[in-house]
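**Student:** Below you'll find the structure I mean.
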Amino acid sequence: MQQNTLTGKTALISGGARRVGAEIARTLHSHGMNLVIHYRSSKDDAHALKTELEKQRARSVALVQGDLLDTDRLTGIAEEAAAAFGRLDALVNNASSFYPTPVGSATEHQWDDLIGTNLKAPFFLAQAAWPHLRKTHGSIINITDIHGERPIKRYPIYSAAKAGLVMMTKSLARELAPEVRVNAIAPGTIMWPEGEAEVDEAQKQEMLARIPLKRSGSPDDIARTALFLIRDATYINGQVIAVCGGRTVVA
C-alpha cells in the first residue's frame, strides 16, 4: 500500500470556500493535508466547509480572510497560512473574477479587478509564500483557463489576465526552481458561471457540442489534477495541464 506522503503537510487555497476551490480543499484534506482556506466575502461558506472537514479530522483547517486586491494584505495571508500549522507545502491560486467586458463598454475598474484577481494577486501571493515553500520544497498551482490561450468573445480583459497567468506560471517555474515547482491547471467547461456571466440552456448545449467528449467536466476533475501535481508530479515543472475534454484540440 502506497504511503500517503501528504499527511501533516499544509496547503493554502485562495478562494477555497466555494465551487472548484472547495472541491480542491476536500480532496487535499481527504489525503491528509491540513488546509488554510482563504476567502473574501464567503464567510458562511468558509465556516461551513471548515466544520464539514473537521468532523473528519479535528483541528485540520484554518481560515484566513482578505481582499486579494489589497496587495499589502497578501504577505499577511501567507504568514498566517505558514503559522497555522507550522509549515506551508502548497499554494493553490484559485480565486478569480469572471465577467464580460465587451470592447466599447469596459471600464478601468473592471480592468483593475480582473487583472488584479487573476494575475497580480497570484504573483504577489506566490512571492509572499515563496520563503515558506522553499523550506519544504513545496509547489504552487495556478488555476488558469483554456481561454488564456484561446480568447473567449466578450471577455478580452479576463482572457488577457489568464494569458498572463500562464506566462507567469512558466516564469516562476524558472525563478523558483529547484526548491519550488510551479504548474497550472487550465479548466474548460467545469461549472457553469454565475451572476453576470450566466449562460442559458441553448448556450450550454452549443458549448458542449464543441467539446470532443460532448460533456462538461466536474470540480473533482480539477481537484484530482491538483492532487497529482502536488503529491505525485515531482518532476513536472512549468507546465499547464488543460482539463477540458479535448476542447483545445478543435477549432
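Chains: A, B, ... in order of the C-alpha cells. Residues: from 1 per chain. Ligands: from 1, in order shown.
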Taking the DSSP assignment computed from this structure's backbone, write out as a ChimeraX atom specification all residues of range 113-245 of chain A that belong to alpha helix (DSSP H).

**Tutor:** /A:113-115,121-136,156-176,201-209,219-227

**Student:** Using only C-alpha atoms, which protein or nucleic acid residues come within 7 Å of range 176-193 of chain A? Drop anything in the same chain fewer than 6 positions from it, and give the result as a CSV table (one decimal) with C-alpha atoms, in the first residue's frame.

**Tutor:**
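Result went into selection12.csv, see below:
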```
chain,number,residue,atom,x,y,z
A,133,LEU,CA,7.5,26.9,0.3
A,134,ARG,CA,11.3,26.9,-0.3
A,137,HIS,CA,10.4,22.0,-1.3
A,138,GLY,CA,6.7,22.8,-1.9
A,139,SER,CA,4.8,23.7,-5.0
A,140,ILE,CA,2.4,26.3,-6.5
A,141,ILE,CA,-0.6,25.6,-8.6
A,142,ASN,CA,-2.2,28.4,-10.6
A,143,ILE,CA,-5.7,27.9,-11.8
A,144,THR,CA,-5.7,29.4,-15.3
A,145,ASP,CA,-8.2,28.8,-18.1
A,146,ILE,CA,-8.2,27.4,-21.6
A,169,THR,CA,3.5,30.1,-14.3
A,216,SER,CA,-18.8,19.1,-19.1
A,217,GLY,CA,-16.3,18.1,-16.5
A,218,SER,CA,-16.7,18.4,-12.8
A,219,PRO,CA,-14.8,20.1,-9.9
A,237,ASN,CA,7.6,22.0,-13.5
A,238,GLY,CA,6.4,24.9,-15.6
A,239,GLN,CA,3.5,23.0,-17.2
A,240,VAL,CA,-0.1,23.9,-17.9
A,241,ILE,CA,-2.5,20.9,-17.9
A,242,ALA,CA,-5.7,21.5,-19.8
A,243,VAL,CA,-8.7,19.7,-18.2
A,244,CYS,CA,-11.2,20.4,-20.9
```

**Student:** Near Thr7 in chain A, within 9 Å and counting only C-alpha atoms, which residues show up once chain neighbours fewer than 4 positions away are dropped, as a VMD selection string?

**Tutor:** chain A and resid 29 31 to 34

**Student:** Kindly export the residues of the current selection with C-alpha atoms, as a PDB file, in the first residue's frame.

**Tutor:**
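Contents of again06.pdb, freshly written:
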```
ATOM      1  CA  HIS A  29      -7.859  17.202   3.020  1.00  0.00           C
ATOM      2  CA  HIS A  31      -5.404  12.750   1.503  1.00  0.00           C
ATOM      3  CA  GLY A  32      -4.040  14.043   4.794  1.00  0.00           C
ATOM      4  CA  MET A  33      -3.276  17.707   4.229  1.00  0.00           C
ATOM      5  CA  ASN A  34      -4.042  20.455   6.673  1.00  0.00           C
TER       6      ASN A  34
END
```

**Student:** Can you list, as a VMD selection string, every protein, DNA or RNA residue that comes within 7 Å of range 196-199 of chain A when you count only C-alpha atoms, leaving out same-chain residues fewer than 5 positions away?

**Tutor:** chain A and resid 99 to 100 204

**Student:** Need the shell around range 62-77 of chain A: protein/DNA/RNA residues with any atom at most 8 Å away, counting only C-alpha atoms. Skip same-chain ones fewer than 2 positions apart. Format as a CSV table (one decimal) with C-alpha atoms, in the first residue's frame?

**Tutor:**
```csv
chain,number,residue,atom,x,y,z
A,35,LEU,CA,-5.7,23.4,5.0
A,36,VAL,CA,-5.7,27.1,5.2
A,37,ILE,CA,-8.8,28.3,3.3
A,38,HIS,CA,-8.8,31.9,2.1
A,39,TYR,CA,-12.0,33.7,1.5
A,40,ARG,CA,-13.0,37.3,0.9
A,41,SER,CA,-16.8,37.6,1.4
A,46,ALA,CA,-15.8,29.1,4.6
A,47,HIS,CA,-17.0,28.3,8.1
A,50,LYS,CA,-14.3,24.1,8.0
A,59,ARG,CA,-8.1,20.9,14.1
A,60,SER,CA,-7.1,20.4,10.5
A,79,GLU,CA,2.4,34.5,7.0
A,80,GLU,CA,-0.9,33.4,8.7
A,81,ALA,CA,-1.0,30.3,6.5
A,84,ALA,CA,-1.4,28.0,11.2
A,113,ASP,CA,-10.4,44.0,-10.8
A,116,GLY,CA,-5.8,42.2,-10.0
A,117,THR,CA,-7.5,39.0,-9.0
A,121,ALA,CA,-2.7,38.8,-6.7
A,124,PHE,CA,2.3,38.7,-5.0
A,125,LEU,CA,0.8,35.8,-3.0
A,128,ALA,CA,4.9,36.1,-0.2
A,129,ALA,CA,4.6,32.3,0.1
```

**Student:** From a backbone DSSP assignment, name each residue in range 61-231 of chain A labelled strand (DSSP E or B), as a list in words.

**Tutor:** Val61, Ala62, Leu63, Val64, Gln65, Ala90, Leu91, Val92, Asn93, Ser139, Ile140, Ile141, Asn142, Ile143, Arg181, Val182, Asn183, Ala184, Ile185, Ala186 and Pro187 of chain A

**Student:** What does the structure give for the distance between CA of Phe85 in chain A and CA of Ile236 in chain A, in Å to one decimal?

**Tutor:** 26.3 Å

**Student:** What separation in Å, quoted to one decimal, exists between CA of Leu119 in chain A and CA of Ser171 in chain A?

**Tutor:**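 Atom-to-atom, CA of Leu119 in chain A to CA of Ser171 in chain A, that is 12.9 Å.
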
**Student:** Would you work out the distance separating CA of Trp130 in chain A from CA of Leu172 in chain A, expressed in Å to one decimal?

**Tutor:** 10.3 Å

**Student:** Which residues are close to Tyr158 in chain A, i.e. within 10 Å by only C-alpha atoms, leaving aside same-chain residues fewer than 6 positions away? Reply as a VMD selection string.

**Tutor:** chain A and resid 96 to 101 110 to 111 113 to 115 117 to 119 145 147 to 148 151 to 152 164

**Student:** Which of these, A:Ala202, A:Ala251, A:Leu229, A:Leu12, has the shortest distance to Ala126 in chain A once you count only C-alpha atoms?

**Tutor:**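 Residue with the minimum atom-to-atom distance to Ala126 in chain A: A:Leu12.
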